[in-house]
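The data block below is data_26.pdb; it holds PDB, C-alpha atoms, pLDDT in the B column.
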```pdb
ATOM      1  CA  MET R  29       0.000   0.000   0.000  1.00 72.00           C
ATOM      2  CA  THR R  30       2.865   2.429   0.707  1.00 85.00           C
ATOM      3  CA  ARG R  31       3.603   2.263  -3.011  1.00 90.00           C
ATOM      4  CA  TYR R  32       0.423   4.322  -3.534  1.00 95.00           C
ATOM      5  CA  GLN R  33       1.148   6.767  -0.706  1.00 95.00           C
ATOM      6  CA  ASP R  34       4.435   8.258  -1.866  1.00 94.00           C
ATOM      7  CA  VAL R  35       4.958  11.703  -0.346  1.00 93.00           C
ATOM      8  CA  THR R  36       6.709  13.036  -3.456  1.00 94.00           C
ATOM      9  CA  ASP R  37       3.818  11.945  -5.696  1.00 96.00           C
ATOM     10  CA  ILE R  38       1.254  13.449  -3.302  1.00 95.00           C
ATOM     11  CA  GLN R  39       3.047  16.797  -3.149  1.00 94.00           C
ATOM     12  CA  ARG R  40       3.549  16.916  -6.939  1.00 96.00           C
ATOM     13  CA  VAL R  41      -0.140  16.209  -7.536  1.00 97.00           C
ATOM     14  CA  LEU R  42      -1.264  18.828  -5.006  1.00 95.00           C
ATOM     15  CA  HIS R  43       0.973  21.541  -6.442  1.00 94.00           C
ATOM     16  CA  ASN R  44       0.311  20.852 -10.136  1.00 96.00           C
ATOM     17  CA  ALA R  45      -3.380  19.939 -10.255  1.00 97.00           C
ATOM     18  CA  ARG R  46      -6.005  22.551 -11.111  1.00 97.00           C
ATOM     19  CA  THR R  47      -9.096  20.516 -12.051  1.00 98.00           C
ATOM     20  CA  ILE R  48     -10.386  17.753  -9.779  1.00 98.00           C
ATOM     21  CA  ALA R  49     -13.305  15.511 -10.743  1.00 98.00           C
ATOM     22  CA  ILE R  50     -14.890  14.048  -7.607  1.00 98.00           C
ATOM     23  CA  VAL R  51     -16.623  10.755  -8.384  1.00 98.00           C
ATOM     24  CA  GLY R  52     -19.357  10.139  -5.834  1.00 97.00           C
ATOM     25  CA  LEU R  53     -19.586  13.764  -4.660  1.00 98.00           C
ATOM     26  CA  SER R  54     -22.713  14.123  -2.532  1.00 97.00           C
ATOM     27  CA  ASN R  55     -25.041  17.106  -2.345  1.00 96.00           C
ATOM     28  CA  ASN R  56     -25.487  16.409   1.386  1.00 96.00           C
ATOM     29  CA  PRO R  57     -23.380  18.889   3.442  1.00 94.00           C
ATOM     30  CA  LEU R  58     -22.994  16.248   6.169  1.00 95.00           C
ATOM     31  CA  ARG R  59     -21.123  13.845   3.891  1.00 95.00           C
ATOM     32  CA  ALA R  60     -17.319  13.782   3.755  1.00 95.00           C
ATOM     33  CA  SER R  61     -17.299  14.122  -0.033  1.00 97.00           C
ATOM     34  CA  TYR R  62     -19.235  17.394   0.168  1.00 97.00           C
ATOM     35  CA  PHE R  63     -16.820  18.829   2.733  1.00 95.00           C
ATOM     36  CA  VAL R  64     -13.794  17.786   0.656  1.00 96.00           C
ATOM     37  CA  GLY R  65     -15.308  19.336  -2.481  1.00 97.00           C
ATOM     38  CA  TYR R  66     -16.176  22.535  -0.626  1.00 96.00           C
ATOM     39  CA  TYR R  67     -12.660  22.738   0.835  1.00 94.00           C
ATOM     40  CA  LEU R  68     -10.957  22.166  -2.522  1.00 95.00           C
ATOM     41  CA  LYS R  69     -13.142  24.754  -4.247  1.00 96.00           C
ATOM     42  CA  ARG R  70     -12.376  27.251  -1.512  1.00 93.00           C
ATOM     43  CA  HIS R  71      -8.662  26.665  -2.059  1.00 92.00           C
ATOM     44  CA  GLY R  72      -8.761  27.462  -5.757  1.00 93.00           C
ATOM     45  CA  TYR R  73      -9.264  24.123  -7.460  1.00 96.00           C
ATOM     46  CA  GLN R  74     -11.892  23.676 -10.162  1.00 98.00           C
ATOM     47  CA  VAL R  75     -14.153  20.952  -8.750  1.00 98.00           C
ATOM     48  CA  VAL R  76     -16.157  18.860 -11.210  1.00 98.00           C
ATOM     49  CA  PRO R  77     -18.902  16.761  -9.553  1.00 98.00           C
ATOM     50  CA  VAL R  78     -19.487  13.297 -11.014  1.00 98.00           C
ATOM     51  CA  ASN R  79     -22.771  11.936  -9.690  1.00 98.00           C
ATOM     52  CA  PRO R  80     -25.581  10.715 -11.989  1.00 97.00           C
ATOM     53  CA  ARG R  81     -28.213  11.369  -9.299  1.00 97.00           C
ATOM     54  CA  GLU R  82     -27.627  15.119  -8.972  1.00 97.00           C
ATOM     55  CA  PRO R  83     -27.890  17.865 -11.624  1.00 97.00           C
ATOM     56  CA  GLU R  84     -25.769  20.332  -9.611  1.00 98.00           C
ATOM     57  CA  ILE R  85     -23.493  20.158  -6.564  1.00 98.00           C
ATOM     58  CA  LEU R  86     -21.583  23.034  -4.946  1.00 97.00           C
ATOM     59  CA  GLY R  87     -22.921  25.348  -7.646  1.00 97.00           C
ATOM     60  CA  GLU R  88     -21.309  23.255 -10.400  1.00 98.00           C
ATOM     61  CA  THR R  89     -22.947  21.069 -13.047  1.00 98.00           C
ATOM     62  CA  SER R  90     -22.776  17.409 -12.060  1.00 98.00           C
ATOM     63  CA  TYR R  91     -21.993  14.840 -14.745  1.00 98.00           C
ATOM     64  CA  PRO R  92     -23.210  11.227 -14.866  1.00 98.00           C
ATOM     65  CA  SER R  93     -19.739   9.811 -15.623  1.00 98.00           C
ATOM     66  CA  LEU R  94     -16.151  10.880 -16.192  1.00 98.00           C
ATOM     67  CA  ARG R  95     -16.617  10.420 -19.946  1.00 98.00           C
ATOM     68  CA  ASP R  96     -19.246  13.197 -19.880  1.00 98.00           C
ATOM     69  CA  VAL R  97     -16.948  15.789 -18.280  1.00 98.00           C
ATOM     70  CA  PRO R  98     -16.256  18.455 -20.950  1.00 98.00           C
ATOM     71  CA  VAL R  99     -12.970  19.785 -19.519  1.00 98.00           C
ATOM     72  CA  PRO R 100      -9.539  18.179 -19.049  1.00 98.00           C
ATOM     73  CA  VAL R 101      -9.210  16.564 -15.597  1.00 98.00           C
ATOM     74  CA  ASP R 102      -5.968  16.535 -13.628  1.00 98.00           C
ATOM     75  CA  VAL R 103      -7.153  14.391 -10.692  1.00 98.00           C
ATOM     76  CA  VAL R 104      -9.988  11.905 -10.345  1.00 98.00           C
ATOM     77  CA  ASN R 105     -10.861  11.744  -6.637  1.00 98.00           C
ATOM     78  CA  VAL R 106     -12.971   8.684  -5.772  1.00 98.00           C
ATOM     79  CA  PHE R 107     -15.640   8.474  -3.049  1.00 97.00           C
ATOM     80  CA  ARG R 108     -17.146   5.153  -4.167  1.00 97.00           C
ATOM     81  CA  ALA R 109     -17.069   1.536  -3.042  1.00 97.00           C
ATOM     82  CA  PRO R 110     -13.806  -0.290  -3.819  1.00 97.00           C
ATOM     83  CA  SER R 111     -15.650  -2.617  -6.213  1.00 98.00           C
ATOM     84  CA  ALA R 112     -16.444   0.378  -8.480  1.00 98.00           C
ATOM     85  CA  LEU R 113     -12.784   1.360  -8.824  1.00 98.00           C
ATOM     86  CA  PRO R 114     -11.780  -0.751 -11.873  1.00 98.00           C
ATOM     87  CA  GLU R 115     -14.461   0.872 -14.069  1.00 98.00           C
ATOM     88  CA  ILE R 116     -13.657   4.339 -12.712  1.00 98.00           C
ATOM     89  CA  ALA R 117      -9.961   3.698 -13.442  1.00 98.00           C
ATOM     90  CA  ARG R 118     -10.825   2.708 -17.043  1.00 98.00           C
ATOM     91  CA  GLU R 119     -12.792   5.947 -17.457  1.00 98.00           C
ATOM     92  CA  ALA R 120      -9.946   7.980 -15.908  1.00 98.00           C
ATOM     93  CA  VAL R 121      -7.513   6.460 -18.406  1.00 98.00           C
ATOM     94  CA  ALA R 122      -9.948   7.042 -21.302  1.00 98.00           C
ATOM     95  CA  ILE R 123     -10.305  10.772 -20.528  1.00 98.00           C
ATOM     96  CA  GLY R 124      -6.558  11.263 -20.071  1.00 98.00           C
ATOM     97  CA  ALA R 125      -6.613  12.189 -16.382  1.00 98.00           C
ATOM     98  CA  GLY R 126      -3.242  12.570 -14.696  1.00 98.00           C
ATOM     99  CA  THR R 127      -3.962  10.996 -11.313  1.00 98.00           C
ATOM    100  CA  LEU R 128      -6.378   8.509  -9.767  1.00 98.00           C
ATOM    101  CA  TRP R 129      -6.771   9.396  -6.075  1.00 98.00           C
ATOM    102  CA  THR R 130      -8.893   7.240  -3.775  1.00 98.00           C
ATOM    103  CA  GLN R 131     -10.191   8.253  -0.369  1.00 96.00           C
ATOM    104  CA  PHE R 132      -9.760   6.326   2.886  1.00 94.00           C
ATOM    105  CA  GLY R 133     -10.926   2.731   2.550  1.00 95.00           C
ATOM    106  CA  VAL R 134     -11.211   2.794  -1.253  1.00 96.00           C
ATOM    107  CA  ILE R 135      -8.610   0.132  -1.985  1.00 97.00           C
ATOM    108  CA  ASN R 136      -8.694  -2.055  -5.085  1.00 97.00           C
ATOM    109  CA  ALA R 137      -5.573  -3.608  -6.625  1.00 97.00           C
ATOM    110  CA  GLU R 138      -7.190  -4.120 -10.044  1.00 98.00           C
ATOM    111  CA  GLY R 139      -8.231  -0.465 -10.225  1.00 98.00           C
ATOM    112  CA  ALA R 140      -4.710   0.642  -9.296  1.00 98.00           C
ATOM    113  CA  ARG R 141      -3.202  -1.676 -11.924  1.00 98.00           C
ATOM    114  CA  ILE R 142      -5.539  -0.372 -14.655  1.00 98.00           C
ATOM    115  CA  ALA R 143      -4.696   3.241 -13.799  1.00 98.00           C
ATOM    116  CA  GLU R 144      -0.943   2.603 -13.632  1.00 98.00           C
ATOM    117  CA  GLU R 145      -0.906   0.709 -16.918  1.00 98.00           C
ATOM    118  CA  GLY R 146      -2.792   3.661 -18.421  1.00 98.00           C
ATOM    119  CA  GLY R 147      -0.042   6.046 -17.305  1.00 98.00           C
ATOM    120  CA  LEU R 148      -1.806   7.615 -14.304  1.00 98.00           C
ATOM    121  CA  THR R 149      -0.227   8.378 -10.958  1.00 98.00           C
ATOM    122  CA  VAL R 150      -2.122   6.455  -8.261  1.00 98.00           C
ATOM    123  CA  VAL R 151      -2.667   7.672  -4.701  1.00 98.00           C
ATOM    124  CA  MET R 152      -4.736   5.249  -2.670  1.00 97.00           C
ATOM    125  CA  ASP R 153      -6.314   5.246   0.790  1.00 96.00           C
ATOM    126  CA  ARG R 154      -5.543   8.929   1.428  1.00 96.00           C
ATOM    127  CA  CYS R 155      -7.822  11.952   1.916  1.00 95.00           C
ATOM    128  CA  LEU R 156      -7.141  14.701  -0.601  1.00 95.00           C
ATOM    129  CA  LYS R 157      -8.290  17.401   1.828  1.00 93.00           C
ATOM    130  CA  ILE R 158      -6.091  16.163   4.664  1.00 90.00           C
ATOM    131  CA  GLU R 159      -3.040  15.817   2.418  1.00 92.00           C
ATOM    132  CA  HIS R 160      -3.625  19.296   0.974  1.00 92.00           C
ATOM    133  CA  ALA R 161      -3.863  20.737   4.488  1.00 87.00           C
ATOM    134  CA  ARG R 162      -0.728  18.851   5.557  1.00 86.00           C
ATOM    135  CA  TYR R 163       1.493  19.930   2.663  1.00 85.00           C
ATOM    136  CA  VAL R 164       0.097  23.349   1.835  1.00 81.00           C
ATOM    137  CA  GLY R 165       0.041  24.426   5.486  1.00 62.00           C
ATOM    138  CA  ARG R 166      -3.616  24.828   6.321  1.00 60.00           C
ATOM    139  CA  MET R 167      -3.977  22.028   8.846  1.00 58.00           C
ATOM    140  CA  HIS R 168      -6.163  22.812  11.856  1.00 53.00           C
ATOM    141  CA  TRP R 169      -7.951  20.655  14.427  1.00 50.00           C
ATOM    142  CA  LEU R 170     -11.361  21.440  12.942  1.00 51.00           C
ATOM    143  CA  GLY R 171     -10.247  21.196   9.334  1.00 50.00           C
ATOM    144  CA  PHE R 172     -10.079  24.909   8.606  1.00 50.00           C
ATOM    145  CA  ASN R 173      -7.841  27.841   9.523  1.00 51.00           C
ATOM    146  CA  THR R 174      -9.404  29.993  12.250  1.00 51.00           C
ATOM    147  CA  HIS R 175      -6.530  32.518  12.227  1.00 50.00           C
ATOM    148  CA  ARG R 176      -6.514  32.144  16.024  1.00 50.00           C
ATOM    149  CA  ILE R 177      -3.048  32.244  17.577  1.00 50.00           C
ATOM    150  CA  THR R 178      -3.895  31.480  21.189  1.00 50.00           C
ATOM    151  CA  SER R 179      -5.625  28.474  22.673  1.00 52.00           C
ATOM    152  CA  VAL R 180      -7.100  30.559  25.505  1.00 52.00           C
ATOM    153  CA  ARG R 181     -10.898  30.451  25.370  1.00 55.00           C
ATOM    154  CA  THR R 182     -13.093  33.318  26.512  1.00 58.00           C
ATOM    155  CA  GLY R 183     -15.850  31.028  27.771  1.00 55.00           C
ATOM    156  CA  LEU R 184     -19.495  30.856  26.877  1.00 52.00           C
ATOM    157  CA  GLN R 185     -21.169  34.127  26.014  1.00 50.00           C
TER     158      GLN R 185
END
```

Would you mind writing the file out in structure tokens?
Amino acid sequence: MTRYQDVTDIQRVLHNARTIAIVGLSNNPLRASYFVGYYLKRHGYQVVPVNPREPEILGETSYPSLRDVPVPVDVVNVFRAPSALPEIAREAVAIGAGTLWTQFGVINAEGARIAEEGGLTVVMDRCLKIEHARYVGRMHWLGFNTHRITSVRTGLQ
């Protein structure tokens, strides 16, 4: 698994990517995929939702599959069951994506093999938001930068 968690690859992807297609992005603000998409959009990435059940997510048109996305994609970020990964990897290769990135728990050796053989960088079992925060310097306990320097609390108001 460490083969798909190389720090150099992760940093290169984070610094060079501009367009991220999120497969399985939910329109529910309580879901992890929504928070990751929101975070990435807020930090300047173009987020392309891929979810056949939603017409729009985060103010962006949602597409039924990667093949329907009309713009070049740098990273395909996957929030789907591991069994769906081989087909998603085939689509990522077909559209010429640069990286296949799977979230925590989305581990599938066949999907990784398909992506690698198609020339994609593979990052597996890592959260794109957490890695961005770690390497771009925006890590905070709550997942966002409060600009607070002290840990002293003023108490309930």

Item checked: R:Gly139, R:Gly146, R:Pro92, R:Gly126 ranked by distance to Val41 of chain R, top pick (using all atoms listed in the file) ->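 Distance minimum relative to Val41 of chain R lands on R:Gly126.
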
Item checked: the PyMOL selection byres ((chain R and resi 88-90) around 12) resolved against shown file, as an MDAnalysis selection string -> chainID R and resid 49:55 65:66 69 74:87 91:94 96:99

Next item on the list: Go ahead and compute the interatomic distance for atom CA of Arg162 of chain R and atom CA of Asn105 of chain R, in Å to one decimal.
Entry: 17.4 Å

Note to self: Using all atoms listed in the file, list the residues that have an atom at most 10 Å from (-2.6, 19.4, -7.8), coordinates as in the file, as a ChimeraX atom specification.
What the structure shows: /R:38-48,73,102-103,126-127,156,160

Produce the centre coordinates and the three edge lengths, each in Å to one decimal, of the box along x, y and z that contains all listed atoms of segment 57-64 of chain R with 3 Å added on each side, as AutoDock Vina command-line options.
```
--center_x -18.6 --center_y 16.3 --center_z 3.1 --size_x 15.6 --size_y 11.1 --size_z 12.2
```

Next item on the list: Using all atoms listed in the file, find the one residue out of R:Ala161, R:Val134, R:Val106, R:Val151 that sits nearest to Asp34 of chain R.
Entry: R:Val151

Next item on the list: Give me, please, the distance in Å between atom CA of Gly147 of chain R and atom CA of Arg95 of chain R, quoted to one decimal.
Entry: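 A separation of 17.3 Å between them.
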
Next item on the list: Carefully work through the PyMOL selection byres ((chain R and resi 141) around 12) for this structure and note down the residues it includes, as a ChimeraX atom specification.
Entry: /R:31-32,113-115,117-118,121,128,135-140,142-152

Note to self: Given only C-alpha atoms as the basis, pick out the residue of R:Gln131, R:Val101, R:Phe107, R:His71 nearest to Val164 of chain R.
What the structure shows: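 Residue with the minimum atom-to-atom distance to Val164 of chain R: R:His71.
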
Check: What is the atom CA of Ile123 of chain R to atom CA of Arg59 of chain R distance in Å?
Finding: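 Atom CA of Ile123 of chain R sits 26.9 Å away from atom CA of Arg59 of chain R.
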
Checklist line | Nearest-residue call for Pro110 of chain R, choices R:Asn56, R:Ala125, R:Ile158, R:Thr130, using all atoms listed in the file | finding: R:Thr130

Please rebuild segment 79-99 of chain R with N, CA, C and O atoms and give the result as a PDB file, keeping the file's coordinate frame.
```
ATOM      1  N   ASN R  79     -21.730  12.639 -10.420  1.00 98.00           N
ATOM      2  CA  ASN R  79     -22.771  11.936  -9.690  1.00 98.00           C
ATOM      3  C   ASN R  79     -24.029  11.931 -10.565  1.00 98.00           C
ATOM      4  O   ASN R  79     -24.630  12.986 -10.776  1.00 98.00           O
ATOM      5  N   PRO R  80     -24.429  10.764 -11.073  1.00 97.00           N
ATOM      6  CA  PRO R  80     -25.581  10.715 -11.989  1.00 97.00           C
ATOM      7  C   PRO R  80     -26.909  11.057 -11.328  1.00 97.00           C
ATOM      8  O   PRO R  80     -27.886  11.330 -12.013  1.00 97.00           O
ATOM      9  N   ARG R  81     -26.956  11.108 -10.010  1.00 97.00           N
ATOM     10  CA  ARG R  81     -28.213  11.369  -9.299  1.00 97.00           C
ATOM     11  C   ARG R  81     -28.481  12.845  -9.031  1.00 97.00           C
ATOM     12  O   ARG R  81     -29.558  13.201  -8.569  1.00 97.00           O
ATOM     13  N   GLU R  82     -27.487  13.690  -9.282  1.00 97.00           N
ATOM     14  CA  GLU R  82     -27.627  15.119  -8.972  1.00 97.00           C
ATOM     15  C   GLU R  82     -27.334  15.967 -10.210  1.00 97.00           C
ATOM     16  O   GLU R  82     -26.334  15.734 -10.885  1.00 97.00           O
ATOM     17  N   PRO R  83     -28.171  16.978 -10.477  1.00 97.00           N
ATOM     18  CA  PRO R  83     -27.890  17.865 -11.624  1.00 97.00           C
ATOM     19  C   PRO R  83     -26.831  18.922 -11.297  1.00 97.00           C
ATOM     20  O   PRO R  83     -26.121  19.386 -12.182  1.00 97.00           O
ATOM     21  N   GLU R  84     -26.713  19.289 -10.018  1.00 98.00           N
ATOM     22  CA  GLU R  84     -25.769  20.332  -9.611  1.00 98.00           C
ATOM     23  C   GLU R  84     -25.337  20.096  -8.168  1.00 98.00           C
ATOM     24  O   GLU R  84     -26.153  19.747  -7.314  1.00 98.00           O
ATOM     25  N   ILE R  85     -24.048  20.284  -7.915  1.00 98.00           N
ATOM     26  CA  ILE R  85     -23.493  20.158  -6.564  1.00 98.00           C
ATOM     27  C   ILE R  85     -22.471  21.270  -6.383  1.00 98.00           C
ATOM     28  O   ILE R  85     -21.656  21.516  -7.281  1.00 98.00           O
ATOM     29  N   LEU R  86     -22.513  21.945  -5.260  1.00 97.00           N
ATOM     30  CA  LEU R  86     -21.583  23.034  -4.946  1.00 97.00           C
ATOM     31  C   LEU R  86     -21.610  24.129  -6.020  1.00 97.00           C
ATOM     32  O   LEU R  86     -20.601  24.751  -6.317  1.00 97.00           O
ATOM     33  N   GLY R  87     -22.784  24.326  -6.624  1.00 97.00           N
ATOM     34  CA  GLY R  87     -22.921  25.348  -7.646  1.00 97.00           C
ATOM     35  C   GLY R  87     -22.330  24.975  -8.992  1.00 97.00           C
ATOM     36  O   GLY R  87     -22.224  25.813  -9.886  1.00 97.00           O
ATOM     37  N   GLU R  88     -21.922  23.728  -9.157  1.00 98.00           N
ATOM     38  CA  GLU R  88     -21.309  23.255 -10.400  1.00 98.00           C
ATOM     39  C   GLU R  88     -22.193  22.179 -11.029  1.00 98.00           C
ATOM     40  O   GLU R  88     -22.828  21.402 -10.324  1.00 98.00           O
ATOM     41  N   THR R  89     -22.213  22.116 -12.346  1.00 98.00           N
ATOM     42  CA  THR R  89     -22.947  21.069 -13.047  1.00 98.00           C
ATOM     43  C   THR R  89     -22.348  19.725 -12.689  1.00 98.00           C
ATOM     44  O   THR R  89     -21.133  19.549 -12.700  1.00 98.00           O
ATOM     45  N   SER R  90     -23.222  18.765 -12.369  1.00 98.00           N
ATOM     46  CA  SER R  90     -22.776  17.409 -12.060  1.00 98.00           C
ATOM     47  C   SER R  90     -22.957  16.535 -13.294  1.00 98.00           C
ATOM     48  O   SER R  90     -23.974  16.624 -13.984  1.00 98.00           O
ATOM     49  N   TYR R  91     -21.970  15.692 -13.566  1.00 98.00           N
ATOM     50  CA  TYR R  91     -21.993  14.840 -14.745  1.00 98.00           C
ATOM     51  C   TYR R  91     -22.221  13.391 -14.348  1.00 98.00           C
ATOM     52  O   TYR R  91     -21.784  12.963 -13.280  1.00 98.00           O
ATOM     53  N   PRO R  92     -22.907  12.619 -15.212  1.00 98.00           N
ATOM     54  CA  PRO R  92     -23.210  11.227 -14.866  1.00 98.00           C
ATOM     55  C   PRO R  92     -21.986  10.311 -14.836  1.00 98.00           C
ATOM     56  O   PRO R  92     -21.974   9.319 -14.113  1.00 98.00           O
ATOM     57  N   SER R  93     -20.954  10.632 -15.619  1.00 98.00           N
ATOM     58  CA  SER R  93     -19.739   9.811 -15.623  1.00 98.00           C
ATOM     59  C   SER R  93     -18.543  10.683 -16.006  1.00 98.00           C
ATOM     60  O   SER R  93     -18.705  11.799 -16.495  1.00 98.00           O
ATOM     61  N   LEU R  94     -17.365  10.144 -15.815  1.00 98.00           N
ATOM     62  CA  LEU R  94     -16.151  10.880 -16.192  1.00 98.00           C
ATOM     63  C   LEU R  94     -16.108  11.158 -17.693  1.00 98.00           C
ATOM     64  O   LEU R  94     -15.630  12.206 -18.123  1.00 98.00           O
ATOM     65  N   ARG R  95     -16.637  10.246 -18.488  1.00 98.00           N
ATOM     66  CA  ARG R  95     -16.617  10.420 -19.946  1.00 98.00           C
ATOM     67  C   ARG R  95     -17.459  11.617 -20.394  1.00 98.00           C
ATOM     68  O   ARG R  95     -17.262  12.139 -21.491  1.00 98.00           O
ATOM     69  N   ASP R  96     -18.380  12.060 -19.544  1.00 98.00           N
ATOM     70  CA  ASP R  96     -19.246  13.197 -19.880  1.00 98.00           C
ATOM     71  C   ASP R  96     -18.653  14.546 -19.475  1.00 98.00           C
ATOM     72  O   ASP R  96     -19.201  15.581 -19.841  1.00 98.00           O
ATOM     73  N   VAL R  97     -17.563  14.541 -18.741  1.00 98.00           N
ATOM     74  CA  VAL R  97     -16.948  15.789 -18.280  1.00 98.00           C
ATOM     75  C   VAL R  97     -16.320  16.499 -19.480  1.00 98.00           C
ATOM     76  O   VAL R  97     -15.477  15.920 -20.172  1.00 98.00           O
ATOM     77  N   PRO R  98     -16.710  17.766 -19.740  1.00 98.00           N
ATOM     78  CA  PRO R  98     -16.256  18.455 -20.950  1.00 98.00           C
ATOM     79  C   PRO R  98     -14.895  19.150 -20.852  1.00 98.00           C
ATOM     80  O   PRO R  98     -14.442  19.748 -21.819  1.00 98.00           O
ATOM     81  N   VAL R  99     -14.256  19.111 -19.688  1.00 98.00           N
ATOM     82  CA  VAL R  99     -12.970  19.785 -19.519  1.00 98.00           C
ATOM     83  C   VAL R  99     -11.889  18.764 -19.163  1.00 98.00           C
ATOM     84  O   VAL R  99     -12.187  17.699 -18.636  1.00 98.00           O
TER      85      VAL R  99
END
```
